[in-house]
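Read through the structure below, which is laid out as structure tokens, and then see the notes.
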Amino acid sequence: MNRLARMAVARRNPGRWHWTDIAAYAYLALGVVLMFGPVLWLGISSFKTQAGLLEFPPSLLPMSQKELRVEGHAQPLPLFEVTMEDGSKRVLAQVRRIGIQAQMVDPANPGQSIRVPIDKRTPVREFKLATENYTEPLERFAFMRFLWNSVFVTVVATLITLVINSMAAYALSIYEFRGKTAVMLMVIGTLMIPITIILVPVYLVITELGLVNSLWAVILPGAATPTGVFLLRQYMLTLPRDLIEAARMDKASEWQIYWRIVMPLAMPALAVLAIFSIMWRWNEFLWPLAVLTKTEAYTLQIGLNAFQGELQTQWHYLLAMTVVTLLPVALVFVFLQRFITTGIANTGMK
Amino acid sequence: MASDAPIPAAPSERVGAASLFAAPLAVLMRLIDWPMRVLQRLIGERRMAYVFLLPNLVFFSLFVFLPLIINFIFSVTGGAGLFPSERPYVGAQQYAYLFDCGSFLDPSSCREDHFWRGVSNTARFTVFQVTAMVLFSLLTAVVLNMKIKARGFFRAVYFFPVLLSPVVVALTWKWILQRDGLLNAAITSLGGERILFLVDPSWAMFWIVFVSIWAHMGFYTLILLAGLQAIPADLYEAAEMDATPRWRVFWRITLPLLWPNMIVVIVLALIRGVQTFDEVFVLTGGGPGTATLMVVHYIYETAFANQVQNFGLAAAASVVLGVVLFALTLAQLAASRRKGAA
């Protein structure tokens, strides 16, 4: 116990505690509650039954009323703890409610029915995870369809982004050619033009291409990312030139040099871009919202948003689907956290 | 933008997954080699650069540069048609309509009052959000830069919401803020009255600012933390030898040396703040009434969600938004140039 206490208060440099140290740990503790709390609450709530979600004040854990099969009754009956007239307490199953009276039976003696005023009974509750919140939407809504659409968009868009961005980065890092500065300026220029200000004309272009309500409408417009070109170019500039010259001596074509030499060497930078692209695509909202109007083409984010309009009172499904939507990102984060944070710190992009 | 700092090696899981995807791609790439070789023989080695640039430039032209031009065309034409050939030229009418106001400070005196509500809401949101964002991300970065235990864990705690999708963020908070939500349960258990957080205009504005800070603070904290870690340690050691009080060290050493990163954070937060849409749209839907209607929301509604789609007006509003963003980006470039000089 003593050792544990000493370990808990140990600091990197042993010495006197300054009040700022205490304030810092207090702030961090508050941060843990404030940042993790909401998501944790979402996770817990998603396992509550519909009735459990309507409770106020809400219970901390997913609880539901215990039910029991009683002889002579087709449905399982809810259990209550009843305070009898003589003050003793008994656990009874409720058959039906009649006004302010409840007709109950003793599970041990199902033949005899007992009448109890409803204010004398309290429900017997047990811890139970409502996993049906997760399984039912799969059957009842087009949830799997949305999930598939999101996966398709994310994977295909990321592959296209990696290939065309690395090609451009290769050209901009290895070659000297006329118009290089102009191209670089163009890339910088596109950095300044977010989709929010060209929503309508991009919609026109997509319409002209006949892609409205197709997943390609979501994939294509964001495939060429200026940030990706920059990131890859910066990395490719650090690759040794001798290697490329040697390959040219060996009569490798430029395409082979790009694909067989530069791409494998640029793997770390490609991985960073891949992670970012996956994140961007999985979470993208405004553009898919504008261009996808048919339910079959919805991505997970758009589907979830549509659900929250339709299922206003069905929070039990909505919460479970929200958890499913955040799960892939959470997994990516758990495994690649360090990698993502260094990526952002190095490039200032998100 | 990108620095020269080396990017750490990819963890092995990532490379494994990448090679799985790469297998069919590799076959494709080998097939492309033959026509590429022929092309190279025809145009020469150096001009192959253009070939490599081509796909990216086609995408940029189709989905960025061309739309930029069309946006202008849309904003000076009228009618309900989507195709420019169906749209009659109306000159600056769309802009005149947008800016037809009795007083610019009072949105209800404008003909297009929703646009001005959006402008006023976005301005208020951005001012509150950027101020609070800078303060809290600075505080968090300073705390995370102290000699604390489990720093990696705490950094992750503040950072993880950055990766959540706006819809997930909004729904998570909507669940907490709703009438019978966790927060109201806490308030009533302390003896207070339930508050309809998303129905009261001032509370709705407060919560969209709060939620957007919750969701994005980690990103700005990282930028500031990188700046803090770049401050040479011997400066602090010297200060410690002189027994300088901590607040003085902060004002005299930390803050001045962190200033370039602070400017980057301020300008980035401004640029993002002006474009706020996703979380607010899901959390409040612009409501109650138009209390949290943002400019981008207005553009989206005008062009896509309203009964009568008005592409011209939406395009004019996006041009206005684009001008504001352009000014902010210039400020960013100027700021990062100063950062380079410092």
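Chain lettering (A, B, ...) mirrors the order of the structure tokens, residue numbering begins at 1 for each chain separately, and ligand numbering begins at 1 in order of display.
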Using only C-alpha atoms, find which residues of chain B lie within 7 Å of chain A and jot them down as a CSV table (one decimal) with N, CA and C atoms, in the first residue's frame.
```
chain,number,residue,atom,x,y,z
B,1,MET,N,4.1,24.4,-44.3
B,1,MET,CA,3.4,23.1,-44.6
B,1,MET,C,4.3,22.0,-44.1
B,2,ALA,N,4.7,21.1,-45.0
B,2,ALA,CA,5.5,20.0,-44.5
B,2,ALA,C,6.8,20.4,-44.1
B,3,SER,N,7.3,19.8,-43.1
B,3,SER,CA,8.7,20.1,-42.6
B,3,SER,C,9.6,19.1,-43.1
B,5,ALA,N,11.4,17.3,-41.2
B,5,ALA,CA,11.6,16.2,-40.2
B,5,ALA,C,11.2,14.9,-40.8
B,7,ILE,N,9.8,11.3,-41.4
B,7,ILE,CA,8.5,10.7,-41.0
B,7,ILE,C,8.9,9.3,-40.4
B,8,PRO,N,8.3,9.0,-39.3
B,8,PRO,CA,8.7,7.7,-38.7
B,8,PRO,C,8.3,6.5,-39.5
B,9,ALA,N,9.0,5.4,-39.4
B,9,ALA,CA,8.7,4.2,-40.2
B,9,ALA,C,7.3,3.7,-40.0
B,10,ALA,N,6.7,3.2,-41.0
B,10,ALA,CA,5.4,2.7,-40.8
B,10,ALA,C,5.4,1.5,-39.9
B,14,ARG,N,0.4,-1.8,-40.8
B,14,ARG,CA,0.0,-1.0,-41.9
B,14,ARG,C,0.6,-1.5,-43.2
B,33,ASP,N,3.3,-0.6,-67.8
B,33,ASP,CA,4.7,-0.3,-68.1
B,33,ASP,C,5.0,-0.3,-69.6
B,36,MET,N,3.8,2.8,-71.4
B,36,MET,CA,4.7,3.9,-70.8
B,36,MET,C,6.0,3.9,-71.5
B,37,ARG,N,6.6,2.7,-71.7
B,37,ARG,CA,7.9,2.6,-72.3
B,37,ARG,C,7.9,3.2,-73.7
B,46,ARG,N,12.7,13.2,-70.0
B,46,ARG,CA,12.4,14.3,-69.1
B,46,ARG,C,10.9,14.7,-69.2
B,49,ALA,N,7.7,13.6,-67.0
B,49,ALA,CA,7.2,14.3,-65.9
B,49,ALA,C,5.7,14.7,-66.1
B,52,PHE,N,3.4,11.9,-65.6
B,52,PHE,CA,3.1,11.6,-64.2
B,52,PHE,C,2.2,12.6,-63.6
B,53,LEU,N,2.3,13.9,-64.0
B,53,LEU,CA,1.5,14.9,-63.4
B,53,LEU,C,0.0,14.8,-63.9
B,55,PRO,N,-2.7,12.7,-64.4
B,55,PRO,CA,-3.9,12.4,-63.6
B,55,PRO,C,-4.3,13.3,-62.5
B,56,ASN,N,-3.3,13.7,-61.7
B,56,ASN,CA,-3.6,14.7,-60.7
B,56,ASN,C,-4.1,16.0,-61.2
B,59,PHE,N,-7.7,15.8,-62.3
B,59,PHE,CA,-8.6,15.9,-61.2
B,59,PHE,C,-8.7,17.3,-60.6
B,60,PHE,N,-7.6,17.9,-60.5
B,60,PHE,CA,-7.6,19.3,-60.0
B,60,PHE,C,-8.4,20.2,-60.9
B,63,PHE,N,-12.3,19.2,-60.8
B,63,PHE,CA,-13.0,19.3,-59.5
B,63,PHE,C,-12.6,20.5,-58.7
B,64,VAL,N,-11.6,21.3,-59.2
B,64,VAL,CA,-11.3,22.5,-58.4
B,64,VAL,C,-11.3,23.8,-59.3
B,67,PRO,N,-14.7,24.2,-61.5
B,67,PRO,CA,-15.7,24.6,-60.6
B,67,PRO,C,-15.6,26.1,-60.2
B,68,LEU,N,-14.3,26.5,-60.0
B,68,LEU,CA,-14.1,27.8,-59.5
B,68,LEU,C,-14.6,28.8,-60.5
B,70,ILE,N,-16.9,28.1,-62.9
B,70,ILE,CA,-18.3,27.9,-63.1
B,70,ILE,C,-19.1,28.6,-61.9
B,71,ASN,N,-18.4,28.6,-60.8
B,71,ASN,CA,-19.0,29.3,-59.6
B,71,ASN,C,-19.3,30.8,-59.9
B,82,LEU,N,-29.7,24.1,-63.9
B,82,LEU,CA,-28.4,23.7,-63.4
B,82,LEU,C,-27.3,24.0,-64.4
B,143,VAL,N,0.4,22.1,-20.1
B,143,VAL,CA,0.3,21.0,-19.1
B,143,VAL,C,0.9,19.8,-19.6
B,147,LYS,N,6.6,18.1,-16.7
B,147,LYS,CA,7.2,16.8,-16.4
B,147,LYS,C,6.1,15.9,-15.7
B,148,ILE,N,5.2,15.4,-16.5
B,148,ILE,CA,4.1,14.6,-15.9
B,148,ILE,C,4.3,13.1,-16.3
B,149,LYS,N,3.7,12.3,-15.5
B,149,LYS,CA,3.7,10.8,-15.8
B,149,LYS,C,2.7,10.5,-16.9
B,154,PHE,N,-2.2,10.8,-21.7
B,154,PHE,CA,-3.0,12.1,-21.6
B,154,PHE,C,-3.0,12.8,-22.9
B,157,VAL,N,-5.7,11.1,-24.8
B,157,VAL,CA,-7.0,11.5,-24.2
B,157,VAL,C,-7.5,12.7,-24.9
B,158,TYR,N,-6.7,13.8,-25.0
B,158,TYR,CA,-7.1,15.0,-25.6
B,158,TYR,C,-7.2,15.0,-27.1
B,163,LEU,N,-10.4,12.5,-34.3
B,163,LEU,CA,-10.6,11.4,-35.4
B,163,LEU,C,-12.1,11.0,-35.5
B,164,LEU,N,-12.9,11.4,-34.6
B,164,LEU,CA,-14.3,11.0,-34.7
B,164,LEU,C,-15.0,11.8,-35.8
B,165,SER,N,-16.0,11.2,-36.4
B,165,SER,CA,-16.7,11.9,-37.4
B,165,SER,C,-17.6,12.9,-36.8
B,167,VAL,N,-20.7,13.5,-37.3
B,167,VAL,CA,-22.0,13.0,-37.0
B,167,VAL,C,-21.9,12.2,-35.6
B,168,VAL,N,-20.8,11.5,-35.4
B,168,VAL,CA,-20.7,10.7,-34.2
B,168,VAL,C,-20.5,11.7,-33.0
B,172,THR,N,-23.3,12.0,-30.0
B,172,THR,CA,-22.8,11.7,-28.7
B,172,THR,C,-23.3,12.8,-27.7
B,173,TRP,N,-23.1,14.0,-28.2
B,173,TRP,CA,-23.4,15.2,-27.3
B,173,TRP,C,-24.9,15.4,-27.3
B,180,ASP,N,-33.9,14.5,-21.3
B,180,ASP,CA,-33.7,13.6,-20.2
B,180,ASP,C,-32.3,13.0,-20.2
B,185,ALA,N,-29.9,15.1,-15.8
B,185,ALA,CA,-30.0,14.2,-14.6
B,185,ALA,C,-29.1,14.8,-13.5
B,222,LEU,N,-1.8,19.7,-30.4
B,222,LEU,CA,-0.6,19.1,-31.0
B,222,LEU,C,0.4,20.1,-31.7
B,223,ILE,N,-0.2,21.0,-32.4
B,223,ILE,CA,0.6,22.0,-33.1
B,223,ILE,C,1.4,22.8,-32.0
B,226,ALA,N,4.1,20.8,-30.3
B,226,ALA,CA,5.3,20.7,-31.2
B,226,ALA,C,6.2,21.9,-31.0
B,278,ASP,N,-20.7,20.7,-40.3
B,278,ASP,CA,-21.1,19.4,-40.0
B,278,ASP,C,-21.7,19.2,-38.6
B,282,VAL,N,-25.8,18.6,-37.5
B,282,VAL,CA,-26.4,17.4,-36.9
B,282,VAL,C,-26.9,17.7,-35.5
B,296,VAL,N,-22.3,28.2,-44.3
B,296,VAL,CA,-22.2,27.0,-45.1
B,296,VAL,C,-23.5,26.3,-45.2
B,303,ALA,N,-28.9,25.7,-52.1
B,303,ALA,CA,-28.6,25.0,-53.4
B,303,ALA,C,-29.3,23.6,-53.4
B,304,PHE,N,-29.4,22.9,-52.3
B,304,PHE,CA,-29.7,21.5,-52.4
B,304,PHE,C,-31.0,21.1,-51.6
B,311,PHE,N,-29.4,27.9,-57.3
B,311,PHE,CA,-28.0,27.7,-57.5
B,311,PHE,C,-27.2,29.0,-57.6
B,315,ALA,N,-24.3,30.2,-55.2
B,315,ALA,CA,-23.0,30.4,-55.7
B,315,ALA,C,-22.4,31.8,-55.3
B,318,SER,N,-21.3,31.6,-51.9
B,318,SER,CA,-20.0,30.9,-51.8
B,318,SER,C,-18.8,31.8,-52.3
B,319,VAL,N,-19.1,32.6,-53.3
B,319,VAL,CA,-18.0,33.5,-53.7
B,319,VAL,C,-17.7,34.5,-52.5
B,321,LEU,N,-18.1,33.9,-49.4
B,321,LEU,CA,-17.3,33.1,-48.4
B,321,LEU,C,-15.9,32.8,-48.8
B,322,GLY,N,-15.8,32.6,-50.2
B,322,GLY,CA,-14.4,32.3,-50.7
B,322,GLY,C,-13.5,33.5,-50.6
B,326,PHE,N,-10.1,33.5,-48.6
B,326,PHE,CA,-8.9,33.9,-49.3
B,326,PHE,C,-8.1,34.9,-48.5
B,329,THR,N,-6.5,33.1,-45.7
B,329,THR,CA,-5.3,32.3,-46.1
B,329,THR,C,-4.1,33.2,-46.4
```
Q) Got a sec: who's within 12 Å of Thr284 (chain B), counting only C-alpha atoms, leaving out chain neighbours fewer than 2 positions off, as a PyMOL selection string? A) (chain A and resi 305+308-309) or (chain B and resi 167+170-171+173-174+177-178+197-201+203-209+211+277-282+286-294+297)
Same residues, C-alpha atoms, output as a PDB file, in the first residue's frame:
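Output file out-v3.pdb is given in full below:
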```pdb
ATOM      1  CA  ASN A 305     -27.761  11.531 -40.000  1.00  0.00           C
ATOM      2  CA  GLN A 308     -31.482  10.653 -36.389  1.00  0.00           C
ATOM      3  CA  GLY A 309     -34.211  12.516 -38.230  1.00  0.00           C
TER       4      GLY A 309
ATOM      5  CA  VAL B 167     -21.968  12.960 -36.988  1.00  0.00           C
ATOM      6  CA  ALA B 170     -22.856  15.525 -32.596  1.00  0.00           C
ATOM      7  CA  LEU B 171     -24.941  12.461 -31.721  1.00  0.00           C
ATOM      8  CA  TRP B 173     -23.445  15.175 -27.298  1.00  0.00           C
ATOM      9  CA  LYS B 174     -27.044  15.305 -28.400  1.00  0.00           C
ATOM     10  CA  LEU B 177     -27.764  17.310 -23.789  1.00  0.00           C
ATOM     11  CA  GLN B 178     -31.267  16.122 -24.524  1.00  0.00           C
ATOM     12  CA  PHE B 197     -30.120  23.060 -23.878  1.00  0.00           C
ATOM     13  CA  LEU B 198     -30.736  22.738 -27.588  1.00  0.00           C
ATOM     14  CA  VAL B 199     -34.053  24.588 -27.560  1.00  0.00           C
ATOM     15  CA  ASP B 200     -32.798  27.743 -25.866  1.00  0.00           C
ATOM     16  CA  PRO B 201     -30.972  29.958 -28.421  1.00  0.00           C
ATOM     17  CA  TRP B 203     -27.543  27.640 -24.731  1.00  0.00           C
ATOM     18  CA  ALA B 204     -27.557  26.162 -28.249  1.00  0.00           C
ATOM     19  CA  MET B 205     -24.849  28.612 -29.307  1.00  0.00           C
ATOM     20  CA  PHE B 206     -22.850  27.850 -26.176  1.00  0.00           C
ATOM     21  CA  TRP B 207     -23.012  24.116 -26.793  1.00  0.00           C
ATOM     22  CA  ILE B 208     -22.035  24.208 -30.450  1.00  0.00           C
ATOM     23  CA  VAL B 209     -18.976  26.232 -29.453  1.00  0.00           C
ATOM     24  CA  VAL B 211     -18.719  20.691 -28.745  1.00  0.00           C
ATOM     25  CA  PHE B 277     -21.168  23.097 -40.747  1.00  0.00           C
ATOM     26  CA  ASP B 278     -21.094  19.362 -39.993  1.00  0.00           C
ATOM     27  CA  GLU B 279     -21.392  19.138 -36.216  1.00  0.00           C
ATOM     28  CA  VAL B 280     -23.770  22.069 -35.958  1.00  0.00           C
ATOM     29  CA  PHE B 281     -25.988  20.679 -38.695  1.00  0.00           C
ATOM     30  CA  VAL B 282     -26.389  17.356 -36.913  1.00  0.00           C
ATOM     31  CA  GLY B 286     -29.363  25.371 -37.408  1.00  0.00           C
ATOM     32  CA  GLY B 287     -32.010  25.808 -34.760  1.00  0.00           C
ATOM     33  CA  PRO B 288     -33.768  26.711 -32.613  1.00  0.00           C
ATOM     34  CA  GLY B 289     -35.238  28.785 -35.429  1.00  0.00           C
ATOM     35  CA  THR B 290     -32.162  30.205 -37.075  1.00  0.00           C
ATOM     36  CA  ALA B 291     -30.150  30.689 -33.879  1.00  0.00           C
ATOM     37  CA  THR B 292     -27.261  28.468 -35.007  1.00  0.00           C
ATOM     38  CA  LEU B 293     -27.658  28.687 -38.778  1.00  0.00           C
ATOM     39  CA  MET B 294     -24.179  28.987 -40.324  1.00  0.00           C
ATOM     40  CA  HIS B 297     -25.524  25.625 -43.923  1.00  0.00           C
TER      41      HIS B 297
END
```
**Report entry** strand (DSSP E) per DSSP on the backbone: members of region 97-163 of chain A, as number ranges by chain
**Finding:** A: 97-98, 101-106, 109-117, 121-123, 125-127
note - CA of Ser150 (chain A) and CA of Tyr298 (chain B) are separated by 26.4 Å
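A straight line drawn from CA of His316 (chain A) to CA of Met144 (chain A) is 17.4 Å long.
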For region 91-100 of chain B, list every protein, DNA or RNA residue within 12 Å, evaluated using only C-alpha atoms, and leave out those in the same chain fewer than 6 positions away; present the list as a PDB file with N, CA and C atoms, in the first residue's frame.
```
ATOM      1  N   PHE B  72     -18.365  31.401 -60.590  1.00  0.00           N
ATOM      2  CA  PHE B  72     -18.582  32.788 -60.979  1.00  0.00           C
ATOM      3  C   PHE B  72     -19.734  32.895 -61.961  1.00  0.00           C
ATOM      4  N   ILE B  73     -19.745  31.974 -62.947  1.00  0.00           N
ATOM      5  CA  ILE B  73     -20.818  32.003 -63.944  1.00  0.00           C
ATOM      6  C   ILE B  73     -22.171  31.836 -63.266  1.00  0.00           C
ATOM      7  N   PHE B  74     -22.251  30.895 -62.328  1.00  0.00           N
ATOM      8  CA  PHE B  74     -23.495  30.673 -61.598  1.00  0.00           C
ATOM      9  C   PHE B  74     -23.930  31.943 -60.879  1.00  0.00           C
ATOM     10  N   SER B  75     -22.941  32.616 -60.266  1.00  0.00           N
ATOM     11  CA  SER B  75     -23.293  33.734 -59.405  1.00  0.00           C
ATOM     12  C   SER B  75     -23.745  34.959 -60.203  1.00  0.00           C
ATOM     13  N   VAL B  76     -23.487  34.987 -61.516  1.00  0.00           N
ATOM     14  CA  VAL B  76     -23.949  36.139 -62.305  1.00  0.00           C
ATOM     15  C   VAL B  76     -25.070  35.734 -63.260  1.00  0.00           C
ATOM     16  N   THR B  77     -25.633  34.532 -63.054  1.00  0.00           N
ATOM     17  CA  THR B  77     -26.763  34.116 -63.879  1.00  0.00           C
ATOM     18  C   THR B  77     -27.938  33.766 -62.984  1.00  0.00           C
ATOM     19  N   GLY B  78     -29.142  33.777 -63.567  1.00  0.00           N
ATOM     20  CA  GLY B  78     -30.331  33.508 -62.775  1.00  0.00           C
ATOM     21  C   GLY B  78     -31.067  32.276 -63.262  1.00  0.00           C
ATOM     22  N   GLY B  79     -32.315  32.150 -62.858  1.00  0.00           N
ATOM     23  CA  GLY B  79     -33.129  31.025 -63.295  1.00  0.00           C
ATOM     24  C   GLY B  79     -32.890  29.814 -62.420  1.00  0.00           C
ATOM     25  N   ASP B 106     -28.404  44.241 -38.528  1.00  0.00           N
ATOM     26  CA  ASP B 106     -29.672  43.640 -38.150  1.00  0.00           C
ATOM     27  C   ASP B 106     -30.162  42.714 -39.272  1.00  0.00           C
ATOM     28  N   PRO B 107     -29.942  41.401 -39.126  1.00  0.00           N
ATOM     29  CA  PRO B 107     -30.287  40.466 -40.197  1.00  0.00           C
ATOM     30  C   PRO B 107     -31.751  40.544 -40.620  1.00  0.00           C
ATOM     31  N   SER B 108     -32.654  40.900 -39.681  1.00  0.00           N
ATOM     32  CA  SER B 108     -34.065  40.879 -40.053  1.00  0.00           C
ATOM     33  C   SER B 108     -34.426  42.033 -40.975  1.00  0.00           C
ATOM     34  N   SER B 109     -33.512  42.997 -41.138  1.00  0.00           N
ATOM     35  CA  SER B 109     -33.792  44.093 -42.052  1.00  0.00           C
ATOM     36  C   SER B 109     -33.320  43.771 -43.465  1.00  0.00           C
ATOM     37  N   CYS B 110     -32.791  42.546 -43.681  1.00  0.00           N
ATOM     38  CA  CYS B 110     -32.251  42.188 -44.991  1.00  0.00           C
ATOM     39  C   CYS B 110     -33.293  41.414 -45.784  1.00  0.00           C
ATOM     40  N   ARG B 111     -33.220  41.513 -47.093  1.00  0.00           N
ATOM     41  CA  ARG B 111     -34.150  40.732 -47.914  1.00  0.00           C
ATOM     42  C   ARG B 111     -33.832  39.262 -47.791  1.00  0.00           C
ATOM     43  N   GLU B 112     -32.547  38.911 -47.845  1.00  0.00           N
ATOM     44  CA  GLU B 112     -32.160  37.516 -47.667  1.00  0.00           C
ATOM     45  C   GLU B 112     -31.713  37.349 -46.218  1.00  0.00           C
ATOM     46  N   ASP B 113     -32.711  37.379 -45.312  1.00  0.00           N
ATOM     47  CA  ASP B 113     -32.354  37.448 -43.891  1.00  0.00           C
ATOM     48  C   ASP B 113     -31.616  36.198 -43.411  1.00  0.00           C
ATOM     49  N   HIS B 114     -31.882  35.038 -44.017  1.00  0.00           N
ATOM     50  CA  HIS B 114     -31.195  33.820 -43.561  1.00  0.00           C
ATOM     51  C   HIS B 114     -29.689  33.894 -43.799  1.00  0.00           C
ATOM     52  N   PHE B 115     -29.325  34.483 -44.929  1.00  0.00           N
ATOM     53  CA  PHE B 115     -27.902  34.627 -45.208  1.00  0.00           C
ATOM     54  C   PHE B 115     -27.237  35.465 -44.131  1.00  0.00           C
ATOM     55  N   TRP B 116     -27.874  36.571 -43.778  1.00  0.00           N
ATOM     56  CA  TRP B 116     -27.262  37.465 -42.791  1.00  0.00           C
ATOM     57  C   TRP B 116     -27.320  36.907 -41.386  1.00  0.00           C
ATOM     58  N   ARG B 117     -28.388  36.124 -41.100  1.00  0.00           N
ATOM     59  CA  ARG B 117     -28.385  35.380 -39.835  1.00  0.00           C
ATOM     60  C   ARG B 117     -27.150  34.475 -39.808  1.00  0.00           C
ATOM     61  N   GLY B 118     -26.920  33.775 -40.936  1.00  0.00           N
ATOM     62  CA  GLY B 118     -25.776  32.881 -41.043  1.00  0.00           C
ATOM     63  C   GLY B 118     -24.479  33.636 -40.827  1.00  0.00           C
ATOM     64  N   VAL B 119     -24.357  34.795 -41.479  1.00  0.00           N
ATOM     65  CA  VAL B 119     -23.130  35.586 -41.335  1.00  0.00           C
ATOM     66  C   VAL B 119     -22.943  35.982 -39.875  1.00  0.00           C
ATOM     67  N   TYR B 298     -26.426  27.679 -44.836  1.00  0.00           N
ATOM     68  CA  TYR B 298     -27.275  28.476 -45.728  1.00  0.00           C
ATOM     69  C   TYR B 298     -27.015  28.112 -47.188  1.00  0.00           C
ATOM     70  N   ILE B 299     -25.727  28.004 -47.554  1.00  0.00           N
ATOM     71  CA  ILE B 299     -25.380  27.662 -48.941  1.00  0.00           C
ATOM     72  C   ILE B 299     -25.936  26.285 -49.301  1.00  0.00           C
ATOM     73  N   ASN B 310     -31.919  27.255 -55.510  1.00  0.00           N
ATOM     74  CA  ASN B 310     -31.430  28.490 -56.099  1.00  0.00           C
ATOM     75  C   ASN B 310     -29.907  28.434 -56.194  1.00  0.00           C
ATOM     76  N   PHE B 311     -29.424  27.871 -57.317  1.00  0.00           N
ATOM     77  CA  PHE B 311     -27.981  27.682 -57.462  1.00  0.00           C
ATOM     78  C   PHE B 311     -27.244  29.013 -57.565  1.00  0.00           C
ATOM     79  N   GLY B 312     -27.879  29.998 -58.232  1.00  0.00           N
ATOM     80  CA  GLY B 312     -27.226  31.288 -58.424  1.00  0.00           C
ATOM     81  C   GLY B 312     -26.930  31.981 -57.107  1.00  0.00           C
ATOM     82  N   LEU B 313     -27.944  32.010 -56.249  1.00  0.00           N
ATOM     83  CA  LEU B 313     -27.783  32.677 -54.963  1.00  0.00           C
ATOM     84  C   LEU B 313     -26.750  31.947 -54.103  1.00  0.00           C
ATOM     85  N   ALA B 314     -26.823  30.599 -54.127  1.00  0.00           N
ATOM     86  CA  ALA B 314     -25.861  29.809 -53.350  1.00  0.00           C
ATOM     87  C   ALA B 314     -24.446  30.074 -53.845  1.00  0.00           C
ATOM     88  N   ALA B 315     -24.283  30.159 -55.182  1.00  0.00           N
ATOM     89  CA  ALA B 315     -22.957  30.398 -55.740  1.00  0.00           C
ATOM     90  C   ALA B 315     -22.447  31.775 -55.337  1.00  0.00           C
ATOM     91  N   ALA B 316     -23.345  32.765 -55.373  1.00  0.00           N
ATOM     92  CA  ALA B 316     -22.933  34.116 -54.970  1.00  0.00           C
ATOM     93  C   ALA B 316     -22.480  34.115 -53.511  1.00  0.00           C
ATOM     94  N   ALA B 317     -23.245  33.415 -52.661  1.00  0.00           N
ATOM     95  CA  ALA B 317     -22.854  33.346 -51.251  1.00  0.00           C
ATOM     96  C   ALA B 317     -21.518  32.628 -51.099  1.00  0.00           C
ATOM     97  N   SER B 318     -21.272  31.572 -51.919  1.00  0.00           N
ATOM     98  CA  SER B 318     -19.978  30.894 -51.781  1.00  0.00           C
ATOM     99  C   SER B 318     -18.839  31.763 -52.265  1.00  0.00           C
ATOM    100  N   VAL B 319     -19.101  32.620 -53.258  1.00  0.00           N
ATOM    101  CA  VAL B 319     -18.040  33.529 -53.690  1.00  0.00           C
ATOM    102  C   VAL B 319     -17.682  34.478 -52.548  1.00  0.00           C
ATOM    103  N   VAL B 320     -18.709  34.982 -51.861  1.00  0.00           N
ATOM    104  CA  VAL B 320     -18.456  35.864 -50.712  1.00  0.00           C
ATOM    105  C   VAL B 320     -17.639  35.126 -49.656  1.00  0.00           C
TER     106      VAL B 320
END
```
Could you pull out the alpha helix (DSSP H) residues of region 92-165 of chain A from DSSP and send them as an NGL selection string?
-> :A and (132-140 or 143-165)
Write the selection just made, keeping C-alpha atoms, as a compact mmCIF listing (two decimals), in the first residue's frame?
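Output file part_6.txt follows:
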```
# COMPACT_ATOMS: atom_id res chain seq x y z
CA GLU A 132 -30.54 -6.58 -29.80
CA ASN A 133 -29.84 -2.86 -30.31
CA TYR A 134 -26.94 -3.98 -32.47
CA THR A 135 -28.47 -6.98 -34.21
CA GLU A 136 -31.92 -5.62 -35.03
CA PRO A 137 -30.87 -2.61 -37.14
CA LEU A 138 -28.89 -5.01 -39.33
CA GLU A 139 -32.14 -6.70 -40.33
CA ARG A 140 -34.53 -3.79 -40.23
CA PHE A 143 -27.42 -0.45 -42.31
CA MET A 144 -25.22 -3.09 -43.96
CA ARG A 145 -25.66 -1.27 -47.24
CA PHE A 146 -24.39 1.99 -45.70
CA LEU A 147 -21.51 0.18 -44.09
CA TRP A 148 -20.53 -1.39 -47.39
CA ASN A 149 -20.82 1.96 -49.21
CA SER A 150 -18.56 3.61 -46.66
CA VAL A 151 -15.98 0.84 -46.87
CA PHE A 152 -16.05 0.94 -50.67
CA VAL A 153 -15.66 4.73 -50.81
CA THR A 154 -12.89 4.72 -48.23
CA VAL A 155 -10.82 1.93 -49.82
CA VAL A 156 -11.19 2.93 -53.46
CA ALA A 157 -10.71 6.64 -52.82
CA THR A 158 -7.61 5.99 -50.72
CA LEU A 159 -6.07 3.78 -53.43
CA ILE A 160 -6.75 6.38 -56.13
CA THR A 161 -5.40 9.15 -53.92
CA LEU A 162 -2.22 7.22 -53.18
CA VAL A 163 -1.55 6.41 -56.84
CA ILE A 164 -2.25 9.77 -58.48
CA ASN A 165 -0.78 11.86 -55.66
```
